Amino acid sequence: MIEYNRHIFDTIDNEDKAYWLGFIVADGYLNDNKHMLRIKLGDIDKQHLIKFINFVGGDISMLKSEKHNITKNTQWYVSLYSKEITQALHKLNVEQAKSGQEKIPPIETKFYRSFLRGLWDGDGFIRENLTGIGLIGSKECLEFAQQVFLNNLQVKPLKIYSHYNTFKIEYRSTKKSIPLILNYLYQDGDTALDRKMNLVKALK
């Protein structure tokens with residue numbers, strides 16, 4: 001049996017835990033019958049899964065790959081089979097088959113920025129040359145993001161649009177709020193998706 005910290009989400013008491021919780025809300029998958037948490041990413045983001053493995057105290061043998069059924073592109077994933085982790089995530093409002101129904105977990109206000117960066121790394125986007133940035137997810141998650149931006153950056157909320165079975169907000173290049181938001185999310189050297197962090201750095 002591979003050893004890792006099965007109680008890592010019992011208490012969200014630091015920035016890394018808040019970040020990975022946000023990323024799981026966006027990109028994680030729970031299977032209650034198997035007591036499994038799985039995160040699957042494309043080949044370009046393989047390194048991010050290695051960061052997750054290190055975060056939970058596992059080893060590289062936990063990293064698996066498969067070919068996408070349609071595109072045949074390589075995908076990488078990590079699966080944690082742990083009743084302790086799935087139960088802890090349920091207490092944090094993470095549910096099975098949550099797409100479009102994601103909920104905000106009960107965490108301390110001081111961890112909102114890290115949680116939101118994880119959420120943005122999973123379900124957010126940054127268009128080339130900063131023509132727009134946005135977030136896709138449940139209405140609850142988008143309202144939460146906009147409230148955090150309002151409270152911390154005085155960025156006024158946008159209209160929330162339906163987007164297939166989810167919702168979407170997008171800040172256009174005409175908005176002065178784009179650099180404010182990106183600096184707020186990525187200004188420090190905390191855990192982040194390299195692809196997005198490097199894009200933000202290159203645009204400064």
# chains A, B, ... in the order shown; residues from 1 in each chain; ligands from 1

$ residues_around --residues "stretch 106-113 of chain A" --least-positions-apart "3" --cutoff "12 Å" --atoms "only C-alpha atoms" --output "short mmCIF file (atom, residue, chain, number, x, y, z; two decimals) with C-alpha atoms, in the first residue's frame"
data_model
loop_
_atom_site.label_atom_id
_atom_site.label_comp_id
_atom_site.auth_asym_id
_atom_site.auth_seq_id
_atom_site.Cartn_x
_atom_site.Cartn_y
_atom_site.Cartn_z
CA PHE A 9 -7.97 17.68 4.39
CA ASP A 10 -9.32 17.10 7.89
CA THR A 11 -8.53 20.73 8.71
CA ILE A 12 -7.86 23.51 6.20
CA ASP A 13 -5.25 25.41 8.18
CA ASN A 14 -2.70 26.61 5.63
CA GLU A 15 -2.44 28.13 2.16
CA ASP A 16 -1.44 24.91 0.36
CA LYS A 17 -4.43 23.00 1.69
CA ALA A 18 -6.74 25.86 0.67
CA TYR A 19 -5.19 25.95 -2.81
CA TRP A 20 -5.56 22.22 -3.44
CA LEU A 21 -9.10 22.26 -2.06
CA GLY A 22 -9.95 24.92 -4.65
CA ALA A 88 -13.21 15.12 4.81
CA LEU A 89 -13.98 16.52 1.36
CA HIS A 90 -17.70 15.87 1.83
CA LYS A 91 -17.56 17.93 5.02
CA LEU A 92 -16.00 20.68 2.89
CA ASN A 93 -18.97 20.58 0.46
CA VAL A 94 -17.19 18.62 -2.29
CA LYS A 103 -20.19 24.66 -3.56
CA LEU A 116 -9.67 31.00 -5.35
CA ARG A 117 -6.30 30.58 -7.10
CA GLY A 118 -6.82 26.82 -7.02
CA LEU A 119 -10.32 27.28 -8.39
CA TRP A 120 -9.00 29.59 -11.13
CA CYS A 141 -18.55 29.75 -7.10
CA PHE A 144 -18.05 33.91 -4.37
CA ALA A 145 -15.18 34.95 -6.68
CA GLN A 146 -16.84 38.25 -7.48
CA GLN A 147 -17.51 38.97 -3.82
CA VAL A 148 -13.83 38.30 -2.98
CA PHE A 149 -12.75 40.65 -5.79
CA ASN A 151 -14.08 43.08 -0.97
CA ASN A 152 -10.35 43.03 -1.69
CA LEU A 153 -9.94 44.88 -4.98
CA ILE A 181 -7.24 40.23 -10.37
CA LEU A 182 -4.20 38.46 -11.79
CA ASN A 183 -1.84 40.17 -9.35
CA TYR A 184 -4.14 39.28 -6.48
CA LEU A 185 -4.26 35.63 -7.50
CA TYR A 186 -0.67 35.07 -8.64
CA GLN A 187 1.48 37.80 -7.08
CA ASP A 188 3.21 35.53 -4.57
CA ASP A 190 2.66 30.11 -3.62
CA THR A 191 1.40 26.91 -5.24
CA ALA A 192 -0.01 27.52 -8.71
#

$ select_by_dssp --residues "stretch 6-187 of chain A" --states "strand (DSSP E)" --output "ChimeraX atom specification"
/A:28-31,36-42,63-67,74-81,124-126,132-137,161-163,166-172

$ atom_distance --atom1 "atom CA of A:Phe115" --atom2 "atom CA of A:Asn33"
26.8 Å

$ closest_residue --among "A:Gln75, A:Thr131, A:Lys176, A:Ile126" --to "A:Asn198" --atoms "only C-alpha atoms"
A:Ile126

$ select_by_dssp --residues "stretch 23-202 of chain A" --states "helix (DSSP H, G or I)" --output "PyMOL selection string"
chain A and resi 23-27+43-56+60-62+83-91+109-123+128-130+139-153+177-186+194-202

$ residues_around --residues "A:Gly28" --least-positions-apart "6" --cutoff "7 Å" --atoms "only C-alpha atoms" --output "PyMOL selection string"
chain A and resi 37-39

$ write_last_selection --atoms "C-alpha atoms" --output "short mmCIF file (atom, residue, chain, number, x, y, z; two decimals), in the first residue's frame"
data_model
loop_
_atom_site.label_atom_id
_atom_site.label_comp_id
_atom_site.auth_asym_id
_atom_site.auth_seq_id
_atom_site.Cartn_x
_atom_site.Cartn_y
_atom_site.Cartn_z
CA LEU A 37 -10.51 11.10 -5.28
CA ARG A 38 -9.09 11.43 -8.79
CA ILE A 39 -7.45 14.39 -10.49
#

$ residues_around --residues "A:Lys64" --least-positions-apart "3" --cutoff "8 Å" --atoms "only C-alpha atoms" --output "list of chain:residue names"
A:Ser61, A:Trp76, A:Tyr77, A:Val78

$ residues_around --residues "A:Gly100" --least-positions-apart "5" --cutoff "6 Å" --atoms "only C-alpha atoms" --output "JSON, numbers by chain"
{"A": [137, 138, 165, 166]}

$ decode --residues "stretch 30-72 of chain A" --atoms "N, CA and C atoms" --output "mmCIF file, in the first residue's frame"
data_model
loop_
_atom_site.group_PDB
_atom_site.id
_atom_site.type_symbol
_atom_site.label_atom_id
_atom_site.label_comp_id
_atom_site.auth_asym_id
_atom_site.auth_seq_id
_atom_site.Cartn_x
_atom_site.Cartn_y
_atom_site.Cartn_z
ATOM 1 N N LEU A 30 -14.855 12.766 -7.359
ATOM 2 C CA LEU A 30 -15.065 11.834 -6.258
ATOM 3 C C LEU A 30 -15.918 10.657 -6.707
ATOM 4 N N ASN A 31 -15.531 9.462 -6.287
ATOM 5 C CA ASN A 31 -16.350 8.266 -6.461
ATOM 6 C C ASN A 31 -16.634 7.726 -5.067
ATOM 7 N N ASP A 32 -17.857 7.929 -4.607
ATOM 8 C CA ASP A 32 -18.195 7.566 -3.235
ATOM 9 C C ASP A 32 -18.144 6.061 -3.003
ATOM 10 N N ASN A 33 -18.551 5.286 -3.981
ATOM 11 C CA ASN A 33 -18.551 3.831 -3.814
ATOM 12 C C ASN A 33 -17.144 3.280 -3.606
ATOM 13 N N LYS A 34 -16.190 3.877 -4.291
ATOM 14 C CA LYS A 34 -14.798 3.424 -4.179
ATOM 15 C C LYS A 34 -13.992 4.231 -3.167
ATOM 16 N N HIS A 35 -14.627 5.248 -2.560
ATOM 17 C CA HIS A 35 -13.923 6.163 -1.658
ATOM 18 C C HIS A 35 -12.674 6.714 -2.355
ATOM 19 N N MET A 36 -12.883 7.225 -3.573
ATOM 20 C CA MET A 36 -11.766 7.643 -4.408
ATOM 21 C C MET A 36 -11.852 9.113 -4.774
ATOM 22 N N LEU A 37 -10.697 9.773 -4.707
ATOM 23 C CA LEU A 37 -10.511 11.102 -5.276
ATOM 24 C C LEU A 37 -9.574 10.962 -6.462
ATOM 25 N N ARG A 38 -9.963 11.479 -7.613
ATOM 26 C CA ARG A 38 -9.089 11.433 -8.786
ATOM 27 C C ARG A 38 -8.954 12.823 -9.379
ATOM 28 N N ILE A 39 -7.727 13.159 -9.737
ATOM 29 C CA ILE A 39 -7.452 14.385 -10.494
ATOM 30 C C ILE A 39 -6.783 13.962 -11.789
ATOM 31 N N LYS A 40 -7.351 14.381 -12.910
ATOM 32 C CA LYS A 40 -6.823 14.015 -14.226
ATOM 33 C C LYS A 40 -6.558 15.288 -15.026
ATOM 34 N N LEU A 41 -5.348 15.381 -15.604
ATOM 35 C CA LEU A 41 -4.956 16.557 -16.361
ATOM 36 C C LEU A 41 -4.296 16.161 -17.676
ATOM 37 N N GLY A 42 -4.216 17.111 -18.586
ATOM 38 C CA GLY A 42 -3.559 16.865 -19.854
ATOM 39 C C GLY A 42 -2.047 16.784 -19.695
ATOM 40 N N ASP A 43 -1.404 16.329 -20.752
ATOM 41 C CA ASP A 43 0.041 16.115 -20.727
ATOM 42 C C ASP A 43 0.801 17.388 -20.363
ATOM 43 N N ILE A 44 0.299 18.533 -20.798
ATOM 44 C CA ILE A 44 0.988 19.802 -20.552
ATOM 45 C C ILE A 44 1.063 20.128 -19.064
ATOM 46 N N ASP A 45 0.140 19.595 -18.274
ATOM 47 C CA ASP A 45 0.080 19.916 -16.846
ATOM 48 C C ASP A 45 0.492 18.740 -15.954
ATOM 49 N N LYS A 46 1.233 17.812 -16.518
ATOM 50 C CA LYS A 46 1.691 16.644 -15.754
ATOM 51 C C LYS A 46 2.415 17.043 -14.476
ATOM 52 N N GLN A 47 3.265 18.064 -14.559
ATOM 53 C CA GLN A 47 4.057 18.481 -13.404
ATOM 54 C C GLN A 47 3.171 18.900 -12.232
ATOM 55 N N HIS A 48 1.979 19.392 -12.539
ATOM 56 C CA HIS A 48 1.095 19.843 -11.468
ATOM 57 C C HIS A 48 0.637 18.661 -10.616
ATOM 58 N N LEU A 49 0.453 17.520 -11.240
ATOM 59 C CA LEU A 49 0.075 16.329 -10.483
ATOM 60 C C LEU A 49 1.219 15.856 -9.599
ATOM 61 N N ILE A 50 2.444 16.054 -10.056
ATOM 62 C CA ILE A 50 3.592 15.713 -9.211
ATOM 63 C C ILE A 50 3.612 16.609 -7.974
ATOM 64 N N LYS A 51 3.262 17.882 -8.156
ATOM 65 C CA LYS A 51 3.144 18.789 -7.012
ATOM 66 C C LYS A 51 2.093 18.273 -6.032
ATOM 67 N N PHE A 52 0.973 17.768 -6.563
ATOM 68 C CA PHE A 52 -0.084 17.254 -5.700
ATOM 69 C C PHE A 52 0.391 16.021 -4.936
ATOM 70 N N ILE A 53 1.098 15.151 -5.617
ATOM 71 C CA ILE A 53 1.638 13.959 -4.955
ATOM 72 C C ILE A 53 2.563 14.363 -3.809
ATOM 73 N N ASN A 54 3.427 15.330 -4.057
ATOM 74 C CA ASN A 54 4.324 15.805 -3.000
ATOM 75 C C ASN A 54 3.539 16.430 -1.853
ATOM 76 N N PHE A 55 2.473 17.129 -2.194
ATOM 77 C CA PHE A 55 1.632 17.770 -1.186
ATOM 78 C C PHE A 55 1.035 16.749 -0.225
ATOM 79 N N VAL A 56 0.550 15.619 -0.750
ATOM 80 C CA VAL A 56 -0.072 14.614 0.118
ATOM 81 C C VAL A 56 0.948 13.648 0.715
ATOM 82 N N GLY A 57 2.229 13.818 0.360
ATOM 83 C CA GLY A 57 3.265 12.959 0.920
ATOM 84 C C GLY A 57 3.340 11.593 0.277
ATOM 85 N N GLY A 58 2.957 11.499 -0.991
ATOM 86 C CA GLY A 58 3.012 10.226 -1.703
ATOM 87 C C GLY A 58 4.307 10.061 -2.480
ATOM 88 N N ASP A 59 4.291 9.174 -3.466
ATOM 89 C CA ASP A 59 5.477 8.998 -4.307
ATOM 90 C C ASP A 59 5.066 8.915 -5.770
ATOM 91 N N ILE A 60 6.042 8.992 -6.652
ATOM 92 C CA ILE A 60 5.805 9.147 -8.083
ATOM 93 C C ILE A 60 5.062 7.953 -8.684
ATOM 94 N N SER A 61 5.069 6.812 -8.018
ATOM 95 C CA SER A 61 4.351 5.648 -8.549
ATOM 96 C C SER A 61 2.846 5.879 -8.572
ATOM 97 N N MET A 62 2.374 6.913 -7.891
ATOM 98 C CA MET A 62 0.945 7.237 -7.884
ATOM 99 C C MET A 62 0.501 7.896 -9.186
ATOM 100 N N LEU A 63 1.453 8.364 -9.973
ATOM 101 C CA LEU A 63 1.140 9.049 -11.235
ATOM 102 C C LEU A 63 0.916 8.027 -12.349
ATOM 103 N N LYS A 64 -0.265 8.066 -12.957
ATOM 104 C CA LYS A 64 -0.632 7.115 -14.015
ATOM 105 C C LYS A 64 -1.007 7.882 -15.284
ATOM 106 N N SER A 65 -0.987 7.177 -16.412
ATOM 107 C CA SER A 65 -1.356 7.817 -17.675
ATOM 108 C C SER A 65 -2.295 6.930 -18.467
ATOM 109 N N GLU A 66 -3.018 7.557 -19.393
ATOM 110 C CA GLU A 66 -3.892 6.843 -20.314
ATOM 111 C C GLU A 66 -4.094 7.714 -21.544
ATOM 112 N N LYS A 67 -4.609 7.116 -22.601
ATOM 113 C CA LYS A 67 -4.909 7.854 -23.825
ATOM 114 C C LYS A 67 -6.385 8.260 -23.824
ATOM 115 N N HIS A 68 -6.636 9.479 -24.212
ATOM 116 C CA HIS A 68 -8.014 9.951 -24.323
ATOM 117 C C HIS A 68 -8.723 9.141 -25.396
ATOM 118 N N ASN A 69 -9.958 8.740 -25.100
ATOM 119 C CA ASN A 69 -10.703 7.866 -26.024
ATOM 120 C C ASN A 69 -10.872 8.464 -27.409
ATOM 121 N N ILE A 70 -11.057 9.776 -27.477
ATOM 122 C CA ILE A 70 -11.343 10.416 -28.767
ATOM 123 C C ILE A 70 -10.094 11.046 -29.370
ATOM 124 N N THR A 71 -9.414 11.897 -28.596
ATOM 125 C CA THR A 71 -8.262 12.624 -29.147
ATOM 126 C C THR A 71 -6.997 11.786 -29.193
ATOM 127 N N LYS A 72 -6.956 10.738 -28.375
ATOM 128 C CA LYS A 72 -5.764 9.872 -28.243
ATOM 129 C C LYS A 72 -4.594 10.594 -27.601
#
